[in-house]
Amino acid sequence: MPSLVLVETTRRYRAVMAPRTVMLVIGLLLVGFVVPVTLLRWWSAHQRTALFDEHRAAVTAKLEAIERLQARVAAIPPVTRDALTAGARPPVMAGYDHRAESNGAVVYQEDLGDVSRVDQAAPHYGRRIFQADLIVDCARLMRQGVYGTYEPQNVNVDVARGVLEACEQLAYVYILRTRHFEGLVFSGDVVAFEIDTGRHLGGFALAFTSDPRIDVVKDTSTRVDQTSRGGRLRNKRVVTTTEHLVRDDFGAVRGELDARIEEGLRQLMPGLRWLD
């Protein structure tokens, strides 16, 4: 039989080592979690840096070529005769998704000073028609590292690759110029350029009064009522939903612009494809 001294020594050893063992296990678990996460973040950052470096020269050249059009666009008189000349490549317009298959996109005249800045000023208040997303998204991604609401460290590498590759393929830019925009009334035009050569391809006028758009807005509120039953207070949760109508003139004109620009390009450039 073990001596009492040995038993007591063993008991004390276990009492001392047990917390240390627990701490060691916790430490190993933390290391096993932190190290892979850190390595994954490092690898993702490395991939993004390599991707941006790979595309930087070509994308920067496209963006700067578009921005250099600012003075020329400002000097072109309002379009009075709708006409577009075909460029060297069949035009394929960017849709909701950014794909390298597309080679044409819209940009607002107000953005030409810096296509990575989404201006909140009139007449468009930072809300763009979807055809104008590609160039702005590409510029903000390349110059600021951000995409939509995602900060640089959270931008998916595959998503970034799709945007940059689509931007590299751009051959045509269609610049939307606004002359008058008030309420439901819009007038202006679109002027087209071949990006690499700077060749002016013509344009078409835009003038319309949009139909009013009424949106149904739901408001939900919650309150807690207290009642006394049998000497005890009880809470009763009451949820109330109300609806009211809101007139959205800006949304109506924005939707009409989408349709009018697509219609104008299809009519004046036979063979043009528009990606969904």
# chains A, B, ... in the order shown; residues from 1 in each chain; ligands from 1
call {"tool": "residues_around", "arguments": {"residues": "A:Met269", "least_positions_apart": "4", "cutoff": "7 Å", "atoms": "only C-alpha atoms", "output": "list in words"}}
result
Leu84, Ala86 and Leu265 of chain A
call {"tool": "residues_around", "arguments": {"residues": "stretch 166-172 of chain A", "least_positions_apart": "5", "cutoff": "7 Å", "atoms": "only C-alpha atoms", "output": "short mmCIF file (atom, residue, chain, number, x, y, z; two decimals) with C-alpha atoms, in the first residue's frame"}}
result
data_model
loop_
_atom_site.label_atom_id
_atom_site.label_comp_id
_atom_site.auth_asym_id
_atom_site.auth_seq_id
_atom_site.Cartn_x
_atom_site.Cartn_y
_atom_site.Cartn_z
CA ALA A 58 -4.35 48.51 -67.21
CA VAL A 59 -7.20 49.63 -64.93
CA LYS A 62 -8.76 53.05 -68.46
CA HIS A 98 -19.73 42.98 -63.41
CA ARG A 99 -18.41 40.54 -66.01
CA ALA A 100 -15.35 40.70 -68.26
CA GLU A 101 -17.65 39.98 -71.21
CA SER A 102 -18.94 43.56 -71.12
CA ASN A 103 -17.08 46.42 -72.79
CA GLY A 104 -19.38 49.40 -72.31
CA ALA A 105 -20.70 51.33 -69.32
CA ILE A 135 -16.83 52.44 -63.53
CA CYS A 138 -13.86 49.81 -60.30
CA PHE A 193 -16.58 57.77 -76.77
CA GLU A 194 -14.19 54.98 -77.63
CA ILE A 195 -11.99 54.92 -74.53
CA ASP A 196 -8.60 53.84 -75.91
#
call {"tool": "closest_atom_pairs", "arguments": {"of": "stretch 95-141 of chain A", "to": "stretch 71-74 of chain A", "cutoff": "12 Å", "atoms": "only C-alpha atoms", "output": "tab-separated table"}}
result
residue	atom	partner	partner_atom	distance
A:Val107	CA	A:Val73	CA	11.7
A:Tyr108	CA	A:Val73	CA	10.8
A:Gln109	CA	A:Val73	CA	7.7
A:Glu110	CA	A:Ala74	CA	10.2
A:Asp111	CA	A:Val73	CA	11.8
A:Leu112	CA	A:Ala71	CA	9.2
A:Gly113	CA	A:Ala71	CA	9.5
call {"tool": "residues_around", "arguments": {"residues": "A:Gln47", "least_positions_apart": "6", "cutoff": "10 Å", "atoms": "only C-alpha atoms", "output": "PyMOL selection string"}}
result
chain A and resi 41+53+156-158
call {"tool": "write_last_selection", "arguments": {"atoms": "N, CA, C and O atoms", "output": "PDB file, in the first residue's frame"}}
result
ATOM      1  N   ARG A  41      -6.155  35.582 -42.786  1.00  0.00           N
ATOM      2  CA  ARG A  41      -6.226  37.013 -43.067  1.00  0.00           C
ATOM      3  C   ARG A  41      -4.996  37.471 -43.833  1.00  0.00           C
ATOM      4  O   ARG A  41      -5.088  38.287 -44.759  1.00  0.00           O
ATOM      5  N   ASP A  53      -1.995  44.588 -57.871  1.00  0.00           N
ATOM      6  CA  ASP A  53      -0.753  44.867 -58.599  1.00  0.00           C
ATOM      7  C   ASP A  53      -0.826  44.354 -60.036  1.00  0.00           C
ATOM      8  O   ASP A  53      -0.322  44.994 -60.964  1.00  0.00           O
ATOM      9  N   ASN A 156     -13.973  40.457 -50.967  1.00  0.00           N
ATOM     10  CA  ASN A 156     -13.722  39.116 -51.490  1.00  0.00           C
ATOM     11  C   ASN A 156     -12.822  39.198 -52.724  1.00  0.00           C
ATOM     12  O   ASN A 156     -13.056  39.995 -53.626  1.00  0.00           O
ATOM     13  N   VAL A 157     -11.796  38.345 -52.750  1.00  0.00           N
ATOM     14  CA  VAL A 157     -10.824  38.393 -53.840  1.00  0.00           C
ATOM     15  C   VAL A 157     -11.473  38.075 -55.186  1.00  0.00           C
ATOM     16  O   VAL A 157     -11.188  38.720 -56.202  1.00  0.00           O
ATOM     17  N   ASP A 158     -12.362  37.093 -55.227  1.00  0.00           N
ATOM     18  CA  ASP A 158     -13.014  36.724 -56.493  1.00  0.00           C
ATOM     19  C   ASP A 158     -13.918  37.844 -56.999  1.00  0.00           C
ATOM     20  O   ASP A 158     -13.997  38.099 -58.206  1.00  0.00           O
TER      21      ASP A 158
END
call {"tool": "residues_around", "arguments": {"residues": "A:Gly255", "least_positions_apart": "6", "cutoff": "12 Å", "atoms": "only C-alpha atoms", "output": "count of residues only"}}
result
17
call {"tool": "select_by_dssp", "arguments": {"residues": "stretch 95-220 of chain A", "states": "helix (DSSP H, G or I)", "output": "MDAnalysis selection string"}}
result
chainID A and resid 109:111 130:144 152:154 157:168
call {"tool": "residues_around", "arguments": {"residues": "A:Leu206", "least_positions_apart": "2", "cutoff": "8 Å", "atoms": "only C-alpha atoms", "output": "PyMOL selection string"}}
result
chain A and resi 186-190+204+208+260
call {"tool": "residues_around", "arguments": {"residues": "A:Arg56", "least_positions_apart": "5", "cutoff": "9 Å", "atoms": "only C-alpha atoms", "output": "number ranges by chain"}}
result
A: 51, 61, 142, 164
